[in-house]
Amino acid sequence: MSGFVEKPEPIQVPGLVHLHTGKVRELYQNEAGDLVMVASDRISAFDWVLPTEIPDKGSILTQLSLWWFDQLADLIPNHVLSTELPEGAPADWAGRTLVCKSLQMVPVEAVARGYLTGSGLLEYNESRTVCGLALPEGLTDGSELPAPIFTPATKAAVGEHDENVSYEEVARQVGADTAARLRQATLAVYARGRDIARDRGIILADTKFEFGFDGDTLVIGDEVLTPDSSRFWPVDQWEPGRAQPSYDKQFVRDWLTSAESGWDRKSEQPPPPLPQEVVDRTRAKYVEAYERLTGTSWS
């Protein structure tokens with residue numbers, strides 16, 4: 001069992017129809033048929049959406065995504081139509097709300113990996129492959145791959161795991177042309193993000209994107225190149241052969257799996273609230289990632 005520890009009740013706004021409560025976002029539709037995405041301060045770990053929020057997290061991820069969309073504009077169009085608050089929306093939606101084009105979404109998590117870690121490392125240790133792609137001997141946790149690879153996954157519901165799948169399976173599900181376009185776009189966007197991040201002292205180890213179609217045009221949607229959708233590591237602390245320090249929710253994961261939390265991950269009990277120190281340190285990591293990548297301070 002997993003999912004929401006405490007599932008929130010969505011805010012009702014005149015003129016907006018609530019469509020979906022995700023792990024960290026609320027999704028609405030306006031009268032024009034556009035999507036309105038509101039990023040909350042919720043945080044998830046181990047397939048649970050935790051009862052404790054991280055202040056400003058939703059705003060940080062929204063503003064970072066907007067910054068990245070600008071950096072990627074010559075590579076691929078994005079789904080953002082406006083950042084203006086819908087009429088009647090709560091004031092605290094400001095900075096965390098995007099009005100977006102409604103797309104025909106491709107039901108695939110488009111994952112790019114430039115380094116070996118996470119589920120890719122587990123598969124590599126068993127078979128020397130990742131998503132069926134053969135890799136050379138001698139790689140360890142944190143090793144840079146000979147070249148970035150496209151390792152798609154199925155999209156999972158809240159409380160369930162995404163599952164890595166082969167490129168051939170993606171082609172079977174969505175068609176060979178769409179699969180090829182997904183792979184090309186994923187690797188191009190990853191390469192741009194990797195180079196920009198590296199110039200700012202950050203390794204982009206891997207990341208996932210969501211794409212959809214606007215007619216025949218492939219468009220990138222959701223969030224992009226944030227600490228929630230990517231593994232960012234500090235360049236000056238990179239050391240293959242061990243787990244790398246990261247700009248994400250590592251403090252949250254470490255505390256939940258510590259004796260201090262008193263939580264058994266293998267049980268069906270929901271995780272406990274986070275202590276203030278973990279909240280503060282996690283927020284600081286999100287702020288640091290934003291500031292180092294964009295070169296601007298978070299106020």
# chains A, B, ... in the order shown; residues from 1 in each chain; ligands from 1
call {"tool": "residues_around", "arguments": {"residues": "A:Ser230", "least_positions_apart": "2", "cutoff": "6 Å", "atoms": "only C-alpha atoms", "output": "short mmCIF file (atom, residue, chain, number, x, y, z; two decimals) with C-alpha atoms, in the first residue's frame"}}
result
data_model
loop_
_atom_site.label_atom_id
_atom_site.label_comp_id
_atom_site.auth_asym_id
_atom_site.auth_seq_id
_atom_site.Cartn_x
_atom_site.Cartn_y
_atom_site.Cartn_z
CA ASP A 206 19.68 11.54 -15.70
CA THR A 207 16.30 13.10 -16.26
CA LEU A 225 15.06 19.60 -15.74
CA THR A 226 14.11 20.21 -12.12
CA PRO A 227 15.39 18.41 -9.00
CA ASP A 228 12.12 16.44 -8.95
#
call {"tool": "select_by_dssp", "arguments": {"residues": "stretch 114-247 of chain A", "states": "strand (DSSP E or B)", "output": "VMD selection string"}}
result
chain A and resid 114 to 115 129 to 130 133 to 134 144 to 150 153 to 154 164 202 to 214 217 to 221 230 to 234
call {"tool": "residues_around", "arguments": {"residues": "A:Thr282", "least_positions_apart": "6", "cutoff": "10 Å", "atoms": "only C-alpha atoms", "output": "list in words"}}
result
Ile54, Pro55, Lys57, Tyr247, Asp248, Lys249, Gln250, Phe251, Val252, Gln276 and Glu288 of chain A
call {"tool": "write_last_selection", "arguments": {"atoms": "C-alpha atoms", "output": "PDB file, in the first residue's frame"}}
result
ATOM      1  CA  ILE A  54       8.493  21.842   1.649  1.00  0.00           C
ATOM      2  CA  PRO A  55       7.837  25.620   1.622  1.00  0.00           C
ATOM      3  CA  LYS A  57       8.971  23.980  -3.547  1.00  0.00           C
ATOM      4  CA  TYR A 247      20.220  18.338  -5.287  1.00  0.00           C
ATOM      5  CA  ASP A 248      16.969  16.607  -4.530  1.00  0.00           C
ATOM      6  CA  LYS A 249      15.070  14.918  -1.730  1.00  0.00           C
ATOM      7  CA  GLN A 250      17.994  12.847  -0.480  1.00  0.00           C
ATOM      8  CA  PHE A 251      17.671  14.312   3.027  1.00  0.00           C
ATOM      9  CA  VAL A 252      14.055  13.117   3.053  1.00  0.00           C
ATOM     10  CA  GLN A 276      11.768  20.735  10.718  1.00  0.00           C
ATOM     11  CA  GLU A 288      20.611  26.095  -4.256  1.00  0.00           C
TER      12      GLU A 288
END
call {"tool": "residues_around", "arguments": {"residues": "A:Arg181", "least_positions_apart": "6", "cutoff": "12 Å", "atoms": "only C-alpha atoms", "output": "PyMOL selection string"}}
result
chain A and resi 76+106+110+150+167+170-171+174-175+187-188+211-213+216-220
call {"tool": "residues_around", "arguments": {"residues": "A:Asp56", "least_positions_apart": "3", "cutoff": "8 Å", "atoms": "only C-alpha atoms", "output": "PDB file with N, CA and C atoms, in the first residue's frame"}}
result
ATOM      1  N   ASP A  41       3.413  22.363  -2.789  1.00  0.00           N
ATOM      2  CA  ASP A  41       4.672  22.169  -2.056  1.00  0.00           C
ATOM      3  C   ASP A  41       4.794  20.737  -1.525  1.00  0.00           C
ATOM      4  N   SER A  59       6.762  26.652  -6.241  1.00  0.00           N
ATOM      5  CA  SER A  59       7.155  27.866  -6.958  1.00  0.00           C
ATOM      6  C   SER A  59       8.546  27.715  -7.563  1.00  0.00           C
ATOM      7  N   ILE A  60       9.470  27.134  -6.802  1.00  0.00           N
ATOM      8  CA  ILE A  60      10.832  26.946  -7.293  1.00  0.00           C
ATOM      9  C   ILE A  60      10.831  26.074  -8.544  1.00  0.00           C
ATOM     10  N   ARG A 283      14.566  22.193   1.567  1.00  0.00           N
ATOM     11  CA  ARG A 283      14.243  23.463   0.884  1.00  0.00           C
ATOM     12  C   ARG A 283      15.516  24.156   0.428  1.00  0.00           C
TER      13      ARG A 283
END
call {"tool": "residues_around", "arguments": {"residues": "A:Leu35", "least_positions_apart": "5", "cutoff": "6 Å", "atoms": "only C-alpha atoms", "output": "VMD selection string"}}
result
chain A and resid 28 to 29 99 to 100 102
call {"tool": "write_last_selection", "arguments": {"atoms": "C-alpha atoms", "output": "mmCIF file, in the first residue's frame"}}
result
data_model
loop_
_atom_site.group_PDB
_atom_site.id
_atom_site.type_symbol
_atom_site.label_atom_id
_atom_site.label_comp_id
_atom_site.auth_asym_id
_atom_site.auth_seq_id
_atom_site.Cartn_x
_atom_site.Cartn_y
_atom_site.Cartn_z
ATOM 1 C CA TYR A 28 -7.646 22.049 -13.882
ATOM 2 C CA GLN A 29 -9.253 22.990 -17.182
ATOM 3 C CA VAL A 99 -1.832 27.893 -18.198
ATOM 4 C CA CYS A 100 -0.892 25.277 -20.767
ATOM 5 C CA SER A 102 -3.902 20.767 -23.940
#
call {"tool": "closest_residue", "arguments": {"among": "A:Gln244, A:Gln269, A:Ser166, A:Ser261", "to": "A:Val108", "atoms": "only C-alpha atoms"}}
result
A:Ser166
call {"tool": "closest_residue", "arguments": {"among": "A:Thr294, A:Lys7, A:Pro240, A:Ala134", "to": "A:Thr117", "atoms": "only C-alpha atoms"}}
result
A:Pro240
call {"tool": "atom_distance", "arguments": {"atom1": "atom CA of A:Leu116", "atom2": "atom CA of A:Glu163"}}
result
16.8 Å
call {"tool": "residues_around", "arguments": {"residues": "A:Leu81", "least_positions_apart": "5", "cutoff": "12 Å", "atoms": "only C-alpha atoms", "output": "NGL selection string"}}
result
:A and (32 or 34-37 or 66 or 69 or 97-102 or 221)
call {"tool": "select_by_dssp", "arguments": {"residues": "stretch 111-171 of chain A", "states": "alpha helix (DSSP H)", "output": "ChimeraX atom specification"}}
result
/A:118-127,167-171
call {"tool": "atom_distance", "arguments": {"atom1": "atom CA of A:Ile203", "atom2": "atom CA of A:Ser246"}}
result
9.4 Å
call {"tool": "atom_distance", "arguments": {"atom1": "atom CA of A:Ala289", "atom2": "atom CA of A:Leu204"}}
result
11.4 Å
call {"tool": "closest_residue", "arguments": {"among": "A:Leu293, A:Thr186, A:Gly241, A:Val224", "to": "A:Ile202", "atoms": "only C-alpha atoms"}}
result
A:Leu293
call {"tool": "closest_residue", "arguments": {"among": "A:Gly138, A:Pro245, A:Gly295, A:Pro273", "to": "A:Arg200", "atoms": "only C-alpha atoms"}}
result
A:Gly295
